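Have a look at model.cif below; it lists mmCIF, C-alpha atoms and all ligand atoms.
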data_my_file
#
loop_
_atom_site.label_atom_id
_atom_site.label_comp_id
_atom_site.auth_asym_id
_atom_site.auth_seq_id
_atom_site.Cartn_x
_atom_site.Cartn_y
_atom_site.Cartn_z
CA MET A 1 8.65 -5.71 -9.13
CA HIS A 2 5.74 -8.13 -9.38
CA SER A 3 3.64 -4.98 -9.69
CA GLN A 4 5.25 -3.96 -12.94
CA LEU A 5 4.37 -7.35 -14.41
CA TYR A 6 0.70 -6.70 -14.67
CA SER A 7 0.71 -2.96 -15.17
CA ASN A 8 2.60 -3.36 -18.40
CA ILE A 9 1.26 -6.40 -20.21
CA PRO A 10 1.38 -4.75 -23.68
CA ASP A 11 4.93 -3.61 -22.89
CA LEU A 12 5.84 -7.20 -22.12
CA PHE A 13 5.19 -8.06 -25.76
CA ILE A 14 7.29 -5.09 -26.92
CA ASN A 15 10.04 -6.12 -24.53
CA ARG A 16 9.93 -9.71 -25.73
CA TYR A 17 9.62 -9.23 -29.48
CA VAL A 18 10.59 -5.66 -30.42
CA SER A 19 13.09 -3.96 -28.12
CA ARG A 20 14.52 -7.20 -26.71
CA SER A 21 15.91 -5.31 -23.74
CA PRO A 22 14.88 -4.83 -20.08
CA MET A 23 11.58 -3.02 -19.50
CA VAL A 24 12.03 -2.09 -15.82
CA VAL A 25 14.70 -0.16 -13.94
CA THR A 26 14.82 -0.79 -10.22
CA HIS A 27 16.58 2.06 -8.44
CA LEU A 28 18.03 2.34 -4.97
CA VAL A 29 16.87 5.94 -4.83
CA THR A 30 18.71 6.54 -1.56
CA SER A 31 21.20 4.77 0.70
CA MET A 32 19.53 6.23 3.78
CA CYS A 33 17.52 3.92 6.02
CA ASN A 34 15.77 4.45 9.33
CA ALA A 35 15.54 0.74 10.23
CA ARG A 36 17.88 -2.01 11.42
CA CYS A 37 16.35 -5.08 9.84
CA LYS A 38 17.46 -8.59 10.78
CA THR A 39 17.08 -9.89 7.20
CA CYS A 40 18.59 -6.89 5.36
CA ASN A 41 21.82 -5.00 6.00
CA LEU A 42 21.29 -2.15 3.52
CA TRP A 43 20.81 0.20 6.49
CA LYS A 44 24.59 0.00 6.94
CA LYS A 45 24.99 2.06 3.75
CA THR A 46 23.26 5.06 5.34
CA ARG A 47 26.64 6.72 5.87
CA GLU A 48 27.25 6.62 2.08
CA HIS A 49 24.22 8.75 1.33
CA LYS A 50 26.22 11.92 0.64
CA ASP A 51 27.20 10.34 -2.70
CA ASP A 52 23.61 9.47 -3.68
CA MET A 53 22.63 10.68 -7.15
CA THR A 54 21.13 14.17 -7.21
CA LYS A 55 17.60 14.78 -8.42
CA GLU A 56 18.96 16.14 -11.73
CA GLU A 57 21.15 13.05 -12.23
CA ILE A 58 18.10 10.85 -11.62
CA PHE A 59 16.11 12.87 -14.18
CA ARG A 60 18.89 12.19 -16.74
CA MET A 61 18.74 8.48 -15.80
CA LEU A 62 14.99 8.51 -16.48
CA ASP A 63 15.62 10.23 -19.84
CA LYS A 64 18.01 7.42 -20.71
CA ALA A 65 15.49 4.84 -19.50
CA LYS A 66 12.84 6.26 -21.82
CA GLU A 67 15.30 6.30 -24.71
CA ALA A 68 15.93 2.55 -24.09
CA ARG A 69 12.14 1.84 -24.03
CA ILE A 70 12.09 1.13 -20.31
CA SER A 71 8.48 1.46 -19.16
CA GLY A 72 8.65 0.83 -15.40
CA TYR A 73 10.53 2.56 -12.57
CA VAL A 74 10.81 1.00 -9.10
CA ALA A 75 12.05 3.28 -6.29
CA TRP A 76 13.48 1.44 -3.29
CA GLY A 77 16.70 1.69 -1.32
CA GLY A 78 17.33 2.25 1.62
CA GLU A 79 14.08 3.88 2.60
CA PRO A 80 12.74 5.92 -0.34
CA LEU A 81 10.41 8.07 1.79
CA LEU A 82 13.50 9.55 3.47
CA ARG A 83 14.20 11.33 0.18
CA LYS A 84 12.55 14.75 0.21
CA ASP A 85 12.49 15.04 -3.59
CA LEU A 86 10.93 11.58 -4.17
CA PRO A 87 7.60 13.10 -5.34
CA GLU A 88 9.41 15.15 -8.01
CA ILE A 89 11.30 12.07 -9.18
CA LEU A 90 8.09 10.04 -9.46
CA HIS A 91 6.36 12.94 -11.21
CA TYR A 92 9.21 13.14 -13.73
CA ALA A 93 8.87 9.42 -14.49
CA LYS A 94 5.07 9.70 -14.86
CA ASN A 95 5.49 12.63 -17.26
CA LYS A 96 7.59 10.31 -19.39
CA LYS A 97 4.81 7.72 -19.29
CA ILE A 98 6.93 5.41 -17.17
CA SER A 99 4.88 3.56 -14.54
CA THR A 100 6.06 3.90 -10.96
CA THR A 101 6.41 1.62 -7.94
CA VAL A 102 7.56 2.66 -4.45
CA ILE A 103 8.75 0.01 -1.98
CA THR A 104 8.70 1.33 1.58
CA ASN A 105 8.88 0.19 5.18
CA GLY A 106 5.92 2.52 5.75
CA TYR A 107 7.28 4.46 8.72
CA PHE A 108 6.79 7.85 7.01
CA LEU A 109 3.86 6.84 4.83
CA LYS A 110 1.13 8.62 6.75
CA ASP A 111 3.08 11.90 6.68
CA ARG A 112 4.01 11.69 3.00
CA CYS A 113 1.12 9.91 1.27
CA ASP A 114 -0.40 13.20 0.02
CA GLU A 115 2.84 14.07 -1.76
CA ILE A 116 3.37 10.77 -3.58
CA ALA A 117 -0.15 9.44 -4.15
CA ARG A 118 -0.71 11.18 -7.50
CA PHE A 119 2.52 9.87 -8.99
CA THR A 120 2.59 6.29 -7.67
CA ASP A 121 1.02 3.40 -9.57
CA PHE A 122 2.08 0.68 -7.13
CA LEU A 123 2.87 1.02 -3.47
CA ILE A 124 4.57 -1.91 -1.78
CA VAL A 125 4.62 -1.78 2.01
CA SER A 126 6.88 -4.26 3.75
CA ILE A 127 5.29 -5.99 6.73
CA ASP A 128 6.74 -9.25 8.03
CA ALA A 129 4.37 -10.03 10.94
CA ASN A 130 1.10 -8.59 12.17
CA ASP A 131 2.27 -8.34 15.78
CA GLU A 132 5.18 -7.09 17.85
CA LEU A 133 7.61 -9.41 16.00
CA HIS A 134 7.59 -6.96 13.08
CA ASP A 135 9.11 -4.16 15.20
CA GLU A 136 11.67 -6.63 16.58
CA MET A 137 12.63 -7.79 13.07
CA ARG A 138 12.97 -4.16 11.88
CA GLY A 139 14.66 -2.85 15.02
CA VAL A 140 12.21 0.08 15.25
CA LYS A 141 9.49 0.52 17.83
CA GLY A 142 6.13 1.40 16.31
CA MET A 143 7.08 0.31 12.79
CA ARG A 144 4.10 -2.04 12.29
CA GLU A 145 1.55 0.40 13.66
CA ARG A 146 2.90 3.25 11.54
CA ALA A 147 2.98 1.12 8.38
CA ILE A 148 -0.66 0.11 8.89
CA GLU A 149 -1.71 3.70 9.72
CA GLY A 150 0.10 4.79 6.56
CA ILE A 151 -1.80 2.26 4.42
CA VAL A 152 -5.13 3.39 5.90
CA ALA A 153 -4.27 7.06 5.32
CA TYR A 154 -3.16 6.30 1.76
CA LYS A 155 -6.34 4.37 1.03
CA ASN A 156 -8.40 7.32 2.27
CA ARG A 157 -6.84 9.42 -0.52
CA LYS A 158 -8.89 7.30 -2.95
CA THR A 159 -6.16 7.17 -5.59
CA ASP A 160 -5.76 4.51 -8.28
CA THR A 161 -2.58 3.23 -6.64
CA LYS A 162 -2.53 -0.49 -6.07
CA ILE A 163 -1.26 -1.28 -2.59
CA ILE A 164 0.54 -4.52 -1.83
CA ILE A 165 1.96 -5.84 1.44
CA ASN A 166 5.29 -7.57 0.88
CA CYS A 167 6.33 -10.17 3.44
CA THR A 168 9.91 -11.46 3.48
CA VAL A 169 9.73 -15.04 4.73
CA SER A 170 12.53 -16.06 7.11
CA LYS A 171 12.82 -18.53 9.98
CA LEU A 172 11.61 -15.75 12.26
CA ASN A 173 8.14 -15.27 10.77
CA LEU A 174 7.13 -18.69 9.42
CA GLY A 175 4.29 -18.72 11.96
CA LYS A 176 3.00 -15.28 10.96
CA ILE A 177 1.70 -15.98 7.47
CA ASP A 178 -1.97 -16.52 8.39
CA GLY A 179 -2.07 -13.28 10.42
CA LEU A 180 -0.62 -11.29 7.53
CA ILE A 181 -3.08 -12.73 5.01
CA GLU A 182 -5.91 -11.75 7.36
CA LEU A 183 -4.43 -8.25 7.71
CA SER A 184 -4.34 -7.79 3.92
CA ARG A 185 -7.96 -8.97 3.70
CA ASP A 186 -9.06 -6.57 6.47
CA LEU A 187 -7.27 -3.66 4.78
CA GLY A 188 -8.69 -4.68 1.38
CA ILE A 189 -5.28 -4.82 -0.31
CA LEU A 190 -3.04 -7.38 -2.02
CA ILE A 191 -0.24 -9.39 -0.41
CA ALA A 192 2.97 -11.01 -1.73
CA PHE A 193 5.46 -13.37 -0.10
CA GLU A 194 9.20 -13.69 -0.80
CA PRO A 195 11.65 -16.12 0.74
CA MET A 196 14.57 -14.08 2.08
CA GLU A 197 17.76 -13.85 0.08
CA ILE A 198 20.97 -14.72 1.84
CA ILE A 199 23.44 -11.95 2.63
CA GLN A 200 26.72 -13.72 3.45
CA GLY A 201 27.94 -12.99 6.95
CA TYR A 202 24.66 -11.33 7.99
CA ASN A 203 21.52 -13.41 7.82
CA GLU A 204 22.34 -17.03 6.81
CA HIS A 205 21.06 -18.32 10.15
CA LEU A 206 17.59 -16.96 9.35
CA GLN A 207 17.11 -18.86 6.09
CA PRO A 208 14.26 -21.40 6.28
CA ASP A 209 15.19 -24.91 5.11
CA SER A 210 13.45 -26.35 2.08
CA GLU A 211 10.93 -28.30 4.19
CA GLU A 212 9.97 -25.14 6.11
CA LEU A 213 9.53 -23.26 2.84
CA ARG A 214 7.51 -26.10 1.35
CA THR A 215 5.15 -26.07 4.34
CA ALA A 216 4.79 -22.28 4.32
CA PHE A 217 4.17 -21.98 0.58
CA SER A 218 1.77 -24.95 0.56
CA ARG A 219 -0.34 -22.97 3.04
CA ILE A 220 -0.07 -19.81 0.94
CA ILE A 221 -1.25 -21.69 -2.15
CA LYS A 222 -4.32 -22.95 -0.26
CA TYR A 223 -5.24 -19.39 0.71
CA LYS A 224 -4.76 -18.25 -2.86
CA LYS A 225 -6.93 -21.04 -4.23
CA SER A 226 -9.68 -20.14 -1.79
CA GLY A 227 -9.81 -16.57 -3.13
CA TYR A 228 -7.43 -14.53 -0.97
CA LYS A 229 -5.71 -11.77 -2.93
CA ILE A 230 -2.21 -13.17 -3.05
CA VAL A 231 -0.14 -11.61 -5.81
CA ASN A 232 2.40 -14.40 -6.29
CA SER A 233 1.43 -16.63 -9.17
CA VAL A 234 0.54 -20.28 -8.53
CA GLN A 235 3.56 -21.22 -10.66
CA TYR A 236 5.87 -19.15 -8.45
CA ILE A 237 4.50 -20.62 -5.24
CA LYS A 238 4.87 -24.11 -6.65
CA ASN A 239 8.62 -23.58 -6.93
CA PHE A 240 8.71 -24.00 -3.18
CA ALA A 241 5.65 -26.14 -2.59
CA VAL A 242 6.58 -28.87 -5.06
CA LYS A 243 10.14 -27.92 -6.06
CA LYS A 244 10.32 -26.92 -9.70
CA LYS A 245 13.20 -25.54 -11.73
CA TYR A 246 12.96 -22.43 -13.83
CA VAL A 247 14.91 -20.92 -16.71
CA CYS A 248 16.08 -17.46 -15.65
CA HIS A 249 15.16 -14.56 -17.95
CA ALA A 250 15.34 -11.88 -15.25
CA PRO A 251 18.33 -9.96 -16.69
CA LYS A 252 16.38 -9.52 -19.93
CA PHE A 253 13.51 -8.07 -17.94
CA TYR A 254 14.99 -5.62 -15.43
CA ILE A 255 18.17 -3.79 -14.56
CA THR A 256 19.21 -2.24 -11.25
CA VAL A 257 20.87 1.11 -10.57
CA ASP A 258 22.33 1.68 -7.11
CA ALA A 259 22.17 4.95 -5.18
CA HIS A 260 25.45 6.12 -6.72
CA GLY A 261 24.49 5.31 -10.31
CA ASN A 262 26.24 1.96 -10.78
CA ILE A 263 24.31 -0.35 -13.09
CA PHE A 264 23.94 -4.02 -12.19
CA SER A 265 22.12 -7.07 -13.50
CA CYS A 266 22.33 -9.56 -10.64
CA GLU A 267 24.52 -11.85 -8.54
CA PHE A 268 25.43 -13.90 -11.60
CA ARG A 269 27.56 -10.95 -12.74
CA LYS A 270 28.88 -9.05 -9.77
CA ASN A 271 30.64 -6.29 -11.76
CA PRO A 272 28.64 -3.21 -12.76
CA TRP A 273 28.01 -2.51 -16.43
CA GLY A 274 29.17 1.05 -15.79
CA ASN A 275 27.70 4.15 -14.20
CA ILE A 276 24.54 5.75 -15.55
CA LYS A 277 26.13 9.19 -15.22
CA GLU A 278 28.58 8.20 -17.95
CA LYS A 279 26.84 5.42 -19.87
CA SER A 280 23.40 4.93 -21.38
CA PHE A 281 21.10 1.93 -20.97
CA LYS A 282 20.86 1.74 -24.76
CA GLU A 283 24.62 1.36 -25.08
CA ILE A 284 24.66 -1.45 -22.51
CA PHE A 285 21.65 -3.33 -23.86
CA SER A 286 22.98 -3.33 -27.41
CA SER A 287 26.44 -4.61 -26.42
CA ASP A 288 27.48 -8.17 -27.28
CA ASP A 289 28.64 -8.55 -23.69
CA PHE A 290 25.11 -7.90 -22.37
CA LYS A 291 23.48 -10.22 -24.93
CA ARG A 292 25.97 -12.99 -24.11
CA PHE A 293 25.35 -12.54 -20.39
CA CYS A 294 21.56 -12.77 -20.86
CA LYS A 295 22.00 -16.05 -22.72
CA GLN A 296 24.32 -17.51 -20.06
CA SER A 297 21.99 -16.49 -17.24
CA GLU A 298 19.36 -18.90 -18.59
CA LYS A 299 21.38 -21.68 -16.98
CA CYS A 300 21.55 -20.03 -13.55
CA ASN A 301 19.06 -20.89 -10.79
CA LEU A 302 20.54 -19.00 -7.86
CA CYS A 303 17.54 -16.87 -6.93
CA ASN A 304 14.32 -17.64 -5.07
CA VAL A 305 12.82 -14.15 -5.07
CA SER A 306 9.61 -13.49 -6.94
CA CYS A 307 11.00 -10.66 -9.06
CA VAL A 308 13.39 -13.15 -10.68
CA ILE A 309 11.11 -16.18 -11.06
CA GLU A 310 7.97 -14.22 -11.96
CA SER A 311 9.77 -12.03 -14.48
CA SER A 312 11.13 -15.23 -16.02
CA LEU A 313 7.58 -16.62 -16.30
CA ALA A 314 6.40 -13.29 -17.71
CA TYR A 315 9.17 -13.30 -20.27
CA LYS A 316 7.93 -16.66 -21.57
CA LEU A 317 4.42 -15.10 -21.82
CA ASP A 318 3.14 -18.20 -20.03
CA PRO A 319 -0.69 -18.03 -20.52
CA LEU A 320 -1.63 -19.42 -17.08
CA PHE A 321 0.73 -16.97 -15.44
CA MET A 322 -0.67 -14.04 -17.43
CA LEU A 323 -4.25 -14.96 -16.46
CA ASP A 324 -3.21 -15.19 -12.82
CA LYS A 325 -1.73 -11.65 -12.96
CA LEU A 326 -4.71 -10.18 -14.82
CA LYS A 327 -7.01 -11.30 -12.00
CA HIS A 328 -5.53 -8.58 -9.77
CA LEU A 329 -6.00 -5.72 -12.22
CA ASP A 330 -9.30 -4.63 -10.70
CA THR A 331 -8.21 -4.98 -7.06
C1 LIG B 401 15.57 -3.70 0.69
S1 LIG B 401 13.96 -3.13 0.98
C2 LIG B 401 14.01 -1.43 0.47
C3 LIG B 401 12.72 -0.70 0.61
C4 LIG B 401 12.27 -0.35 2.03
N1 LIG B 401 13.32 0.05 2.85
C5 LIG B 401 11.51 -1.51 2.64
O1 LIG B 401 11.98 -2.09 3.62
O2 LIG B 401 10.43 -1.78 2.12
C6 LIG B 401 13.02 -3.91 -0.36
C7 LIG B 401 12.30 -5.15 0.05
O3 LIG B 401 13.20 -6.18 0.38
C8 LIG B 401 12.67 -6.91 1.48
N2 LIG B 401 13.77 -7.65 2.11
C9 LIG B 401 14.37 -7.43 3.29
N3 LIG B 401 15.31 -8.36 3.51
C10 LIG B 401 15.31 -9.18 2.46
C11 LIG B 401 16.04 -10.36 2.11
N4 LIG B 401 17.04 -10.82 2.87
N5 LIG B 401 15.71 -10.99 0.97
C12 LIG B 401 14.73 -10.52 0.15
N6 LIG B 401 14.01 -9.41 0.41
C13 LIG B 401 14.30 -8.76 1.56
C14 LIG B 401 12.06 -5.81 2.31
O4 LIG B 401 11.17 -6.31 3.28
C15 LIG B 401 11.39 -4.98 1.25
O5 LIG B 401 10.10 -5.48 0.95
S1 LIG B 402 14.58 -3.94 4.40
FE1 LIG B 402 14.29 -1.78 3.96
S2 LIG B 402 13.98 -0.90 5.97
FE2 LIG B 402 14.97 -2.83 6.31
S3 LIG B 402 17.18 -2.39 6.39
FE3 LIG B 402 16.63 -3.02 4.31
S4 LIG B 402 16.33 -1.09 3.27
FE4 LIG B 402 16.16 -0.64 5.45
S1 LIG B 403 18.88 -16.72 -11.09
FE1 LIG B 403 21.02 -16.22 -11.58
S2 LIG B 403 20.95 -15.14 -13.54
FE2 LIG B 403 18.89 -15.16 -12.68
S3 LIG B 403 18.73 -13.23 -11.59
FE3 LIG B 403 19.38 -14.78 -10.10
S4 LIG B 403 21.63 -14.65 -10.11
FE4 LIG B 403 20.91 -13.61 -11.95
#

Show me, as structure tokens, the structure contained in the file I just sent.
Ligand SMILES: C[S@@+](CC[C@H](N)C(=O)[O-])C[C@H]1O[C@@H](n2cnc3c(N)ncnc32)[C@H](O)[C@@H]1O
Ligand code: SF4
Ligand code: SF4
Amino acid sequence: MHSQLYSNIPDLFINRYVSRSPMVVTHLVTSMCNARCKTCNLWKKTREHKDDMTKEEIFRMLDKAKEARISGYVAWGGEPLLRKDLPEILHYAKNKKISTTVITNGYFLKDRCDEIARFTDFLIVSIDANDELHDEMRGVKGMRERAIEGIVAYKNRKTDTKIIINCTVSKLNLGKIDGLIELSRDLGILIAFEPMEIIQGYNEHLQPDSEELRTAFSRIIKYKKSGYKIVNSVQYIKNFAVKKKYVCHAPKFYITVDAHGNIFSCEFRKNPWGNIKEKSFKEIFSSDDFKRFCKQSEKCNLCNVSCVIESSLAYKLDPLFMLDKLKHLDT
């Protein structure tokens, strides 16, 4: 998600002043997952994958996205590289001049990088520790090694894709931040950090307390200030390092479609807006209900994740934030 923020700076202005509707659709392109992560329980939905949208249904979704002036498509899941037709989906989006991001655990990256490289603007590879802890956290032997091999293979394709490591910060990997920053430097790619979101009944015990987060993000900010290529903006990091509040604009910035086509904003409104097979984004975005919800969400502060806080900063067109993002354009 942070990726889409600096690929589309002109679109940010259109989003803010002209269309006044979300500019990014994040899509759980499949429910299938090959991992068993300790921080994320989406792998449990694997058995629902028979009802995942078909390729043709996803093409229609992308048509509707274009019609609603959406300019960014993020494919995640589940594990997107388990979907055979992912390259065709990304190609379809690119043909519509919609920029593309793939978020992957990297297990199949080496095998599939040739297929997706031409159609992927941003590749986010999730790595939570640069040692054996990563495999433990993901419940898959060889996951770290394969993700790194995949990044190296992808880089050898010499595409324009920007590659970013995404680290989900939990109690388990607080001590692994320095090693990951060094890994991103050695690979010559960007890195981002996210505090984990709580999934009730699954991962609460792994949530770092505010002091642990403050210590971790204070270290991250020092690395960033000394020139390491850390994608999170200084303003975002400061939310944890010095405790700041933000006004949430995330629902005005992006919308999420699950693997079966249900359209969601966020936790602040648990009910779907409808299903993309029957409804259009345009219809939803122009409804009074949606506009009212976006206004009310400005008072909510539930989320810690960068996609929410950074999209809120982007929405304000905060000049310091924009400069921070622009710095990574040539990386
Ligand atoms: C749900 S995964 C889907 C894509 C792919 N399977 C992967 O792992 O990269 C998307 C991102 O969420 C991260 N993630 C996992 N658990 C999380 C949590 N509890 N809170 C926030 N992000 C989390 C993953 O590490 C990954 O970067
Ligand atoms: S983080 Fe990704 S790989 Fe791990 S369970 Fe969730 S969807 Fe699967
Ligand atoms: S902070 Fe609240 S309104 Fe904003 S994205 Fe999170 S749950 Fe939704």

Check your understanding: Counting only C-alpha atoms and all ligand atoms, what residues are within 8 Å of ligand LIG 403 (chain B), given as number ranges by chain?
Key -> A: 248-251, 265-269, 294, 296-304, 308-309

Could the residues that lie within 6 Å of ligand LIG 401 (chain B), counting only C-alpha atoms and all ligand atoms, be listed as a PDB file with C-alpha atoms, keeping the file's coordinate frame?
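Below is the file that was written, selection_17.pdb:
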ATOM      1  CA  THR A  39      17.080  -9.890   7.200  1.00  0.00           C
ATOM      2  CA  CYS A  40      18.590  -6.890   5.360  1.00  0.00           C
ATOM      3  CA  TRP A  76      13.480   1.440  -3.290  1.00  0.00           C
ATOM      4  CA  GLY A  77      16.700   1.690  -1.320  1.00  0.00           C
ATOM      5  CA  GLY A  78      17.330   2.250   1.620  1.00  0.00           C
ATOM      6  CA  GLU A  79      14.080   3.880   2.600  1.00  0.00           C
ATOM      7  CA  ILE A 103       8.750   0.010  -1.980  1.00  0.00           C
ATOM      8  CA  THR A 104       8.700   1.330   1.580  1.00  0.00           C
ATOM      9  CA  ASN A 105       8.880   0.190   5.180  1.00  0.00           C
ATOM     10  CA  VAL A 125       4.620  -1.780   2.010  1.00  0.00           C
ATOM     11  CA  SER A 126       6.880  -4.260   3.750  1.00  0.00           C
ATOM     12  CA  ASN A 166       5.290  -7.570   0.880  1.00  0.00           C
ATOM     13  CA  THR A 168       9.910 -11.460   3.480  1.00  0.00           C
ATOM     14  CA  MET A 196      14.570 -14.080   2.080  1.00  0.00           C
ATOM     15  CA  GLU A 197      17.760 -13.850   0.080  1.00  0.00           C
ATOM     16  CA  ILE A 198      20.970 -14.720   1.840  1.00  0.00           C
TER      17      ILE A 198
END

Study note, to complete from the structure: From atom CA of Ala117 of chain A to atom CA of Thr159 of chain A the spacing works out at 6.6 Å

Could you tell me, counting only C-alpha atoms and all ligand atoms, which protein and nucleic acid residues lie no more than 12 Å from ligand LIG 402 (chain B), written as a PDB file with C-alpha atoms, keeping the file's coordinate frame?
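Dumped everything to pocket13.pdb:
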ATOM      1  CA  LEU A  28      18.030   2.340  -4.970  1.00  0.00           C
ATOM      2  CA  VAL A  29      16.870   5.940  -4.830  1.00  0.00           C
ATOM      3  CA  THR A  30      18.710   6.540  -1.560  1.00  0.00           C
ATOM      4  CA  SER A  31      21.200   4.770   0.700  1.00  0.00           C
ATOM      5  CA  MET A  32      19.530   6.230   3.780  1.00  0.00           C
ATOM      6  CA  CYS A  33      17.520   3.920   6.020  1.00  0.00           C
ATOM      7  CA  ASN A  34      15.770   4.450   9.330  1.00  0.00           C
ATOM      8  CA  ALA A  35      15.540   0.740  10.230  1.00  0.00           C
ATOM      9  CA  ARG A  36      17.880  -2.010  11.420  1.00  0.00           C
ATOM     10  CA  CYS A  37      16.350  -5.080   9.840  1.00  0.00           C
ATOM     11  CA  LYS A  38      17.460  -8.590  10.780  1.00  0.00           C
ATOM     12  CA  THR A  39      17.080  -9.890   7.200  1.00  0.00           C
ATOM     13  CA  CYS A  40      18.590  -6.890   5.360  1.00  0.00           C
ATOM     14  CA  ASN A  41      21.820  -5.000   6.000  1.00  0.00           C
ATOM     15  CA  LEU A  42      21.290  -2.150   3.520  1.00  0.00           C
ATOM     16  CA  TRP A  43      20.810   0.200   6.490  1.00  0.00           C
ATOM     17  CA  LYS A  44      24.590   0.000   6.940  1.00  0.00           C
ATOM     18  CA  LYS A  45      24.990   2.060   3.750  1.00  0.00           C
ATOM     19  CA  THR A  46      23.260   5.060   5.340  1.00  0.00           C
ATOM     20  CA  ALA A  75      12.050   3.280  -6.290  1.00  0.00           C
ATOM     21  CA  TRP A  76      13.480   1.440  -3.290  1.00  0.00           C
ATOM     22  CA  GLY A  77      16.700   1.690  -1.320  1.00  0.00           C
ATOM     23  CA  GLY A  78      17.330   2.250   1.620  1.00  0.00           C
ATOM     24  CA  GLU A  79      14.080   3.880   2.600  1.00  0.00           C
ATOM     25  CA  PRO A  80      12.740   5.920  -0.340  1.00  0.00           C
ATOM     26  CA  LEU A  81      10.410   8.070   1.790  1.00  0.00           C
ATOM     27  CA  LEU A  82      13.500   9.550   3.470  1.00  0.00           C
ATOM     28  CA  VAL A 102       7.560   2.660  -4.450  1.00  0.00           C
ATOM     29  CA  ILE A 103       8.750   0.010  -1.980  1.00  0.00           C
ATOM     30  CA  THR A 104       8.700   1.330   1.580  1.00  0.00           C
ATOM     31  CA  ASN A 105       8.880   0.190   5.180  1.00  0.00           C
ATOM     32  CA  GLY A 106       5.920   2.520   5.750  1.00  0.00           C
ATOM     33  CA  TYR A 107       7.280   4.460   8.720  1.00  0.00           C
ATOM     34  CA  PHE A 108       6.790   7.850   7.010  1.00  0.00           C
ATOM     35  CA  ILE A 124       4.570  -1.910  -1.780  1.00  0.00           C
ATOM     36  CA  VAL A 125       4.620  -1.780   2.010  1.00  0.00           C
ATOM     37  CA  SER A 126       6.880  -4.260   3.750  1.00  0.00           C
ATOM     38  CA  ILE A 127       5.290  -5.990   6.730  1.00  0.00           C
ATOM     39  CA  ASP A 128       6.740  -9.250   8.030  1.00  0.00           C
ATOM     40  CA  HIS A 134       7.590  -6.960  13.080  1.00  0.00           C
ATOM     41  CA  ASP A 135       9.110  -4.160  15.200  1.00  0.00           C
ATOM     42  CA  GLU A 136      11.670  -6.630  16.580  1.00  0.00           C
ATOM     43  CA  MET A 137      12.630  -7.790  13.070  1.00  0.00           C
ATOM     44  CA  ARG A 138      12.970  -4.160  11.880  1.00  0.00           C
ATOM     45  CA  GLY A 139      14.660  -2.850  15.020  1.00  0.00           C
ATOM     46  CA  VAL A 140      12.210   0.080  15.250  1.00  0.00           C
ATOM     47  CA  MET A 143       7.080   0.310  12.790  1.00  0.00           C
ATOM     48  CA  ARG A 144       4.100  -2.040  12.290  1.00  0.00           C
ATOM     49  CA  ALA A 147       2.980   1.120   8.380  1.00  0.00           C
ATOM     50  CA  ASN A 166       5.290  -7.570   0.880  1.00  0.00           C
ATOM     51  CA  CYS A 167       6.330 -10.170   3.440  1.00  0.00           C
ATOM     52  CA  THR A 168       9.910 -11.460   3.480  1.00  0.00           C
ATOM     53  CA  MET A 196      14.570 -14.080   2.080  1.00  0.00           C
ATOM     54  CA  GLU A 197      17.760 -13.850   0.080  1.00  0.00           C
ATOM     55  CA  ILE A 199      23.440 -11.950   2.630  1.00  0.00           C
ATOM     56  CA  TYR A 202      24.660 -11.330   7.990  1.00  0.00           C
ATOM     57  CA  ASN A 203      21.520 -13.410   7.820  1.00  0.00           C
ATOM     58  CA  ALA A 259      22.170   4.950  -5.180  1.00  0.00           C
TER      59      ALA A 259
END

Exercise for review: Find the spatial neighbours of Ser170 of chain A, counting only C-alpha atoms, within a cut-off of 6 Å - ignore same-chain residues fewer than 6 positions away - and output them as a list in words.
Suggested key: Met196, Leu206, Gln207 and Pro208 of chain A

Can you list every residue of segment 210-298 of chain A that has an atom at most 8 Å from segment 51-59 of chain A, with its nearest atom pair and the distance in Å to one decimal, using only C-alpha atoms, ordered by chain then number, as CSV?
residue,atom,partner,partner_atom,distance
A:Ala259,CA,A:Asp52,CA,5.0
A:His260,CA,A:Asp52,CA,4.9
A:Gly261,CA,A:Met53,CA,6.5
A:Lys277,CA,A:Glu57,CA,7.0

Review point. Excluding same-chain residues fewer than 3 positions from Ile276 of chain A, what lies within 12 Å of it counting only C-alpha atoms, as a ChimeraX atom specification?
Key: /A:25,27,53,57-65,255-264,272-273,279-284

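In terms of minimum interatomic distance to Ile151 of chain A, A:Gly188 ranks closest within A:Pro10, A:Gly188, A:Gly274, A:Pro195, counting all atoms listed in the file.
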
Exercise for review: Find the distance between atom CA of Gly201 of chain A and atom CA of Phe217 of chain A and write it in Å to one decimal.
Suggested key: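 We find that atom CA of Gly201 of chain A and atom CA of Phe217 of chain A lie 26.2 Å from each other.
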
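Rounded to one decimal, atom CA of Leu180 of chain A and atom CA of Asp131 of chain A lie 9.2 Å from each other.
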
Check your understanding: Please, which residues are within 8 Å of (-0.6, -13.1, -10.6) by the file's coordinates, counting all atoms listed in the file, and could they come as a PyMOL selection string?
Key -> chain A and resi 6+230-234+321-328

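Each of A:Leu172, A:Ile148, A:Leu313, A:Met23 was checked against Asn130 of chain A using all atoms listed in the file; the smallest atom-to-atom distance is that of A:Ile148.
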
Practice item. Could you check which of A:Glu194, A:Glu204, A:Asp318, A:Glu211 is closest to Ile177 of chain A, using only C-alpha atoms? Key: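 Residue with the minimum atom-to-atom distance to Ile177 of chain A: A:Glu194.
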
Draw an axis-aligned box over all listed atoms of segment 61-76 of chain A, pad each side with 4 Å, and write its centre and edge lengths in Å, one decimal, as lines of an AutoDock Vina configuration file.
center_x = 13.6
center_y = 5.5
center_z = -14.0
size_x = 18.3
size_y = 17.4
size_z = 29.4

Review point. Which residue, A:Thr161, A:Ser210, A:Ser312, A:Asn239, has the smallest gap to Arg118 of chain A when you use only C-alpha atoms?
Key: A:Thr161
